[in-house]
Amino acid sequence: MIELVIAGAAGRMGGRLVALAREAPDLRVAGAFERAGHPAIGRDAGEMAGVGTLGIAVAADPTPLLAPDRVLVEFTAPEPTLAHVRLAARQGTRAVVGTTGLSARQVAELTDLARETAIVFSPNMSVGVNLAFRVLALMARALGDAYDVEITEIHHRLKKDAPSGTAAKMAEVIAEALGRRLDDAAVYGRHGLVGERGAKEIGVHALRGGDIAGEHTVVFSTLGERLELTHRAHSRDTFAHGALRAARWVRSAAPGLHSMHDVLGL
């Protein structure tokens with residue numbers, strides 16, 4: 001039995017993780033917590049997730065919940081994520097991190113913490129999206145500089161970071177495959193009299209609205225044809241299932257910063 005500690009247990013992703021873990025015969029929610037002062041503190045995590053009583057009260061302090069035989073599952077925000085993973089590393093607790101919007105400095109710290117414990121970190125926990133990363137690299141190398149590259153992503157109105165971590169990762173994968181430096185090639189949206197498109201631009205565009213779980217499209221276009229790859233997430237369960245798959249894998253992994261490619265054997 002793999003014991004999980006769910007961060008942000010009263011949030012949208014946290015609730016789905018609690019609910020889906022309850023359905024899995026090999027997983028058990030052993031702890032759940034929220035930020036100090038949250039109205040869910042003291043309430044049952046299962047009841048908050050709409051799946052009945054679990055006998056696990058939502059805590060304000062994660063420290064007593066973390067142990068070497070448990071896995072922290074983290075989908076909150078960059079600063080609290082780093083704080084929680086610091087605690088996990090100190091306790092020898094493995095971690096699955098699906099938080100987006102981390103800065104380069106924060107990713108570097110996550111890499112340092114992974115020297116102490118095994119961490120799976122991915123901007124998107126979807127199995128399909130992680131397969132798409134591999135396919136996009138193949139497409140970019142095969143099509144080369146003759147094809148323009150544009151990426152669009154659309155998410156729900158409550159998403160705070162833009163572009164999405166997934167879109168940023170797609171751009172990074174494509175730039176690397178094409179031998180470009182992303183900082184030089186990326187164009188984030190266009191406005192005004194911007195002139196002709198640069199031959200080596202990688203356009204990235206963010207849309208927000210409604211309750212869209214997530215949709216990403218990469219367009220490779222040239223004179224006479226275009227090729228598109230699209231991934232649509234129908235619900236947050238897509239990401240939650242991937243995170244639980246990662247939790248199963250990381251439970252026996254060696255210390256280090258791992259990706260969903262490692263989890264999936266890609």
# chains A, B, ... in the order shown; residues from 1 in each chain; ligands from 1
call {"tool": "closest_atom_pairs", "arguments": {"of": "segment 67-148 of chain A", "to": "segment 31-54 of chain A", "cutoff": "10 Å", "atoms": "only C-alpha atoms", "output": "tab-separated table"}}
result
residue	atom	partner	partner_atom	distance
A:Arg70	CA	A:Gly31	CA	9.4
A:Val71	CA	A:Gly31	CA	9.9
A:Leu72	CA	A:Gly31	CA	9.0
A:Val73	CA	A:Ala32	CA	9.7
A:Thr76	CA	A:Glu34	CA	9.4
A:Pro80	CA	A:Arg35	CA	8.7
call {"tool": "residues_around", "arguments": {"residues": "Ala137 of chain A", "least_positions_apart": "6", "cutoff": "9 Å", "atoms": "only C-alpha atoms", "output": "list in words"}}
result
Met170, Val173, Ile174, Ala175, Glu176, Ala177 and Leu178 of chain A
call {"tool": "select_by_dssp", "arguments": {"residues": "segment 16-136 of chain A", "states": "helix (DSSP H, G or I)", "output": "MDAnalysis selection string"}}
result
chainID A and resid 16:23 45:48 63:65 78:91 104:113 127:136
call {"tool": "atom_distance", "arguments": {"atom1": "atom CA of Phe121 of chain A", "atom2": "atom CA of Leu266 of chain A"}}
result
15.1 Å
call {"tool": "select_by_dssp", "arguments": {"residues": "segment 112-232 of chain A", "states": "strand (DSSP E)", "output": "number ranges by chain"}}
result
A: 118-121, 148-155, 186-188, 202-208, 214-222, 225-232
call {"tool": "closest_atom_pairs", "arguments": {"of": "segment 43-152 of chain A", "to": "segment 208-230 of chain A", "cutoff": "8 Å", "atoms": "only C-alpha atoms", "output": "JSON lines"}}
result
{"residue": "A:Ala146", "atom": "CA", "partner": "A:Thr222", "partner_atom": "CA", "distance": 6.5}
{"residue": "A:Tyr147", "atom": "CA", "partner": "A:Thr222", "partner_atom": "CA", "distance": 4.8}
{"residue": "A:Asp148", "atom": "CA", "partner": "A:Ser221", "partner_atom": "CA", "distance": 5.2}
{"residue": "A:Val149", "atom": "CA", "partner": "A:Phe220", "partner_atom": "CA", "distance": 4.8}
{"residue": "A:Glu150", "atom": "CA", "partner": "A:Val219", "partner_atom": "CA", "distance": 5.2}
{"residue": "A:Ile151", "atom": "CA", "partner": "A:Val218", "partner_atom": "CA", "distance": 4.5}
{"residue": "A:Thr152", "atom": "CA", "partner": "A:Thr217", "partner_atom": "CA", "distance": 5.4}
call {"tool": "write_last_selection", "arguments": {"atoms": "N, CA, C and O atoms", "output": "short mmCIF file (atom, residue, chain, number, x, y, z; two decimals), in the first residue's frame"}}
result
data_model
loop_
_atom_site.label_atom_id
_atom_site.label_comp_id
_atom_site.auth_asym_id
_atom_site.auth_seq_id
_atom_site.Cartn_x
_atom_site.Cartn_y
_atom_site.Cartn_z
N ALA A 146 12.19 24.81 -42.54
CA ALA A 146 11.27 25.19 -43.63
C ALA A 146 9.85 25.42 -43.12
O ALA A 146 9.02 25.97 -43.84
N TYR A 147 9.56 24.97 -41.87
CA TYR A 147 8.20 25.07 -41.33
C TYR A 147 8.16 26.06 -40.18
O TYR A 147 9.01 26.03 -39.28
N ASP A 148 7.17 26.96 -40.22
CA ASP A 148 6.93 27.89 -39.11
C ASP A 148 6.26 27.13 -37.96
O ASP A 148 5.46 26.22 -38.20
N VAL A 149 6.56 27.55 -36.74
CA VAL A 149 6.01 26.86 -35.56
C VAL A 149 5.20 27.85 -34.72
O VAL A 149 5.73 28.90 -34.33
N GLU A 150 3.97 27.50 -34.45
CA GLU A 150 3.11 28.31 -33.58
C GLU A 150 2.41 27.39 -32.58
O GLU A 150 1.94 26.30 -32.95
N ILE A 151 2.35 27.83 -31.33
CA ILE A 151 1.73 27.05 -30.25
C ILE A 151 0.60 27.88 -29.65
O ILE A 151 0.80 29.05 -29.31
N THR A 152 -0.57 27.28 -29.50
CA THR A 152 -1.67 27.93 -28.79
C THR A 152 -2.10 27.04 -27.63
O THR A 152 -2.05 25.82 -27.71
#
call {"tool": "residues_around", "arguments": {"residues": "Arg16 of chain A", "least_positions_apart": "2", "cutoff": "10 Å", "atoms": "only C-alpha atoms", "output": "list in words"}}
result
Ala9, Ala10, Gly11, Arg12, Met13, Gly14, Val18, Ala19, Leu20, Ala21, Arg22, Ala49, Gly50, Val51, Arg236, Asp237, Phe239, Ala240 and His241 of chain A
call {"tool": "write_last_selection", "arguments": {"atoms": "N, CA and C atoms", "output": "compact mmCIF listing (two decimals), in the first residue's frame"}}
result
# COMPACT_ATOMS: atom_id res chain seq x y z
N ALA A 9 -5.40 20.01 -0.35
CA ALA A 9 -6.41 18.96 -0.44
C ALA A 9 -7.83 19.48 -0.68
N ALA A 10 -8.09 20.74 -0.36
CA ALA A 10 -9.43 21.29 -0.58
C ALA A 10 -9.56 22.00 -1.92
N GLY A 11 -8.48 22.03 -2.69
CA GLY A 11 -8.53 22.67 -4.00
C GLY A 11 -9.10 21.76 -5.07
N ARG A 12 -9.16 22.28 -6.29
CA ARG A 12 -9.76 21.50 -7.38
C ARG A 12 -8.96 20.23 -7.67
N MET A 13 -7.65 20.36 -7.81
CA MET A 13 -6.83 19.18 -8.08
C MET A 13 -6.70 18.31 -6.84
N GLY A 14 -6.52 18.95 -5.70
CA GLY A 14 -6.37 18.18 -4.46
C GLY A 14 -7.57 17.29 -4.21
N VAL A 18 -7.62 13.15 -3.96
CA VAL A 18 -8.19 12.42 -2.82
C VAL A 18 -9.23 11.41 -3.31
N ALA A 19 -10.12 11.87 -4.18
CA ALA A 19 -11.21 11.00 -4.65
C ALA A 19 -10.69 9.80 -5.44
N LEU A 20 -9.76 10.04 -6.35
CA LEU A 20 -9.25 8.95 -7.20
C LEU A 20 -8.35 8.01 -6.42
N ALA A 21 -7.60 8.53 -5.46
CA ALA A 21 -6.77 7.66 -4.64
C ALA A 21 -7.64 6.72 -3.80
N ARG A 22 -8.80 7.23 -3.37
CA ARG A 22 -9.68 6.38 -2.58
C ARG A 22 -10.17 5.18 -3.40
N ALA A 49 -13.80 16.20 -0.57
CA ALA A 49 -13.67 15.74 -1.95
C ALA A 49 -14.97 15.13 -2.47
N GLY A 50 -15.99 15.02 -1.60
CA GLY A 50 -17.28 14.47 -2.02
C GLY A 50 -17.33 12.96 -2.12
N VAL A 51 -16.41 12.27 -1.39
CA VAL A 51 -16.38 10.80 -1.49
C VAL A 51 -16.62 10.12 -0.14
N ARG A 236 -9.83 17.41 -15.18
CA ARG A 236 -8.62 17.38 -14.36
C ARG A 236 -8.22 15.96 -13.98
N ASP A 237 -9.13 15.03 -14.11
CA ASP A 237 -8.79 13.64 -13.79
C ASP A 237 -7.65 13.13 -14.64
N PHE A 239 -4.92 14.69 -15.35
CA PHE A 239 -3.68 15.04 -14.66
C PHE A 239 -3.56 14.29 -13.34
N ALA A 240 -4.68 14.10 -12.66
CA ALA A 240 -4.66 13.39 -11.39
C ALA A 240 -4.26 11.93 -11.59
N HIS A 241 -4.80 11.27 -12.61
CA HIS A 241 -4.42 9.88 -12.87
C HIS A 241 -2.92 9.78 -13.17
call {"tool": "atom_distance", "arguments": {"atom1": "atom CA of Leu207 of chain A", "atom2": "atom CA of Pro123 of chain A"}}
result
17.6 Å
call {"tool": "atom_distance", "arguments": {"atom1": "atom CA of Leu244 of chain A", "atom2": "atom CA of Asn130 of chain A"}}
result
14.9 Å
call {"tool": "closest_residue", "arguments": {"among": "A:Leu17, A:Leu87, A:Val58, A:Leu65", "to": "Val5 of chain A", "atoms": "only C-alpha atoms"}}
result
A:Leu65
call {"tool": "closest_atom_pairs", "arguments": {"of": "segment 28-108 of chain A", "to": "segment 252-259 of chain A", "cutoff": "12 Å", "atoms": "only C-alpha atoms", "output": "tab-separated table"}}
result
residue	atom	partner	partner_atom	distance
A:Pro68	CA	A:Ser252	CA	11.2
A:Asp69	CA	A:Ser252	CA	9.8
A:Arg70	CA	A:Ser252	CA	10.8
A:Val71	CA	A:Ser252	CA	10.4
A:Ala89	CA	A:Pro255	CA	9.8
A:Gly92	CA	A:Pro255	CA	9.5
A:Thr93	CA	A:Pro255	CA	10.4
A:Arg94	CA	A:Pro255	CA	8.4
A:Ala95	CA	A:Leu257	CA	9.8
A:Val96	CA	A:His258	CA	9.3
A:Val97	CA	A:Ser259	CA	9.7
A:Gly98	CA	A:Ser259	CA	10.4
A:Val107	CA	A:Leu257	CA	9.9
A:Ala108	CA	A:Leu257	CA	10.3
call {"tool": "closest_atom_pairs", "arguments": {"of": "segment 54-135 of chain A", "to": "segment 154-159 of chain A", "cutoff": "12 Å", "atoms": "only C-alpha atoms", "output": "tab-separated table"}}
result
residue	atom	partner	partner_atom	distance
A:Thr76	CA	A:Lys159	CA	11.8
A:Ala77	CA	A:Lys159	CA	11.1
A:Thr99	CA	A:Lys159	CA	11.8
A:Thr100	CA	A:Lys159	CA	10.1
A:Gly101	CA	A:Lys159	CA	10.4
call {"tool": "decode", "arguments": {"residues": "segment 211-233 of chain A", "atoms": "N, CA and C atoms", "output": "CSV table (one decimal), in the first residue's frame"}}
result
chain,number,residue,atom,x,y,z
A,211,ASP,N,-14.4,27.0,-18.2
A,211,ASP,CA,-13.9,26.0,-17.3
A,211,ASP,C,-13.1,24.9,-18.1
A,212,ILE,N,-12.4,25.4,-19.1
A,212,ILE,CA,-11.6,24.5,-20.0
A,212,ILE,C,-10.5,23.9,-19.2
A,213,ALA,N,-10.4,22.6,-19.2
A,213,ALA,CA,-9.3,21.9,-18.4
A,213,ALA,C,-8.0,22.1,-19.0
A,214,GLY,N,-7.9,22.2,-20.3
A,214,GLY,CA,-6.6,22.4,-21.0
A,214,GLY,C,-6.6,21.9,-22.4
A,215,GLU,N,-6.2,22.7,-23.3
A,215,GLU,CA,-6.0,22.3,-24.7
A,215,GLU,C,-4.8,23.0,-25.3
A,216,HIS,N,-4.0,22.2,-26.0
A,216,HIS,CA,-2.7,22.7,-26.6
A,216,HIS,C,-2.7,22.2,-28.0
A,217,THR,N,-2.3,23.1,-28.9
A,217,THR,CA,-2.1,22.8,-30.3
A,217,THR,C,-0.8,23.4,-30.8
A,218,VAL,N,-0.1,22.6,-31.5
A,218,VAL,CA,1.2,23.0,-32.2
A,218,VAL,C,1.0,22.9,-33.7
A,219,VAL,N,1.2,24.0,-34.4
A,219,VAL,CA,1.0,24.1,-35.8
A,219,VAL,C,2.4,24.2,-36.5
A,220,PHE,N,2.7,23.3,-37.4
A,220,PHE,CA,3.9,23.4,-38.2
A,220,PHE,C,3.4,23.7,-39.6
A,221,SER,N,3.7,24.9,-40.2
A,221,SER,CA,3.1,25.3,-41.5
A,221,SER,C,4.2,25.8,-42.4
A,222,THR,N,4.0,25.5,-43.7
A,222,THR,CA,4.9,26.0,-44.7
A,222,THR,C,4.1,26.3,-46.0
A,223,LEU,N,4.7,26.7,-47.0
A,223,LEU,CA,4.0,27.0,-48.2
A,223,LEU,C,3.4,25.7,-48.8
A,224,GLY,N,2.0,25.7,-48.8
A,224,GLY,CA,1.3,24.5,-49.4
A,224,GLY,C,0.8,23.5,-48.4
A,225,GLU,N,1.2,23.5,-47.1
A,225,GLU,CA,0.6,22.6,-46.2
A,225,GLU,C,0.9,23.0,-44.7
A,226,ARG,N,0.1,22.4,-43.9
A,226,ARG,CA,0.4,22.5,-42.4
A,226,ARG,C,0.1,21.2,-41.7
A,227,LEU,N,0.8,21.0,-40.6
A,227,LEU,CA,0.7,19.8,-39.8
A,227,LEU,C,0.4,20.2,-38.4
A,228,GLU,N,-0.7,19.7,-37.7
A,228,GLU,CA,-1.0,20.1,-36.4
A,228,GLU,C,-1.1,18.9,-35.5
A,229,LEU,N,-0.6,19.2,-34.2
A,229,LEU,CA,-0.8,18.2,-33.2
A,229,LEU,C,-1.6,18.8,-32.0
A,230,THR,N,-2.7,18.2,-31.6
A,230,THR,CA,-3.5,18.8,-30.6
A,230,THR,C,-3.7,17.8,-29.5
A,231,HIS,N,-3.7,18.3,-28.3
A,231,HIS,CA,-4.0,17.5,-27.1
A,231,HIS,C,-5.1,18.2,-26.4
A,232,ARG,N,-6.2,17.5,-26.0
A,232,ARG,CA,-7.3,18.1,-25.3
A,232,ARG,C,-7.5,17.3,-24.0
A,233,ALA,N,-7.5,18.0,-22.9
A,233,ALA,CA,-7.8,17.3,-21.6
A,233,ALA,C,-9.3,17.6,-21.3
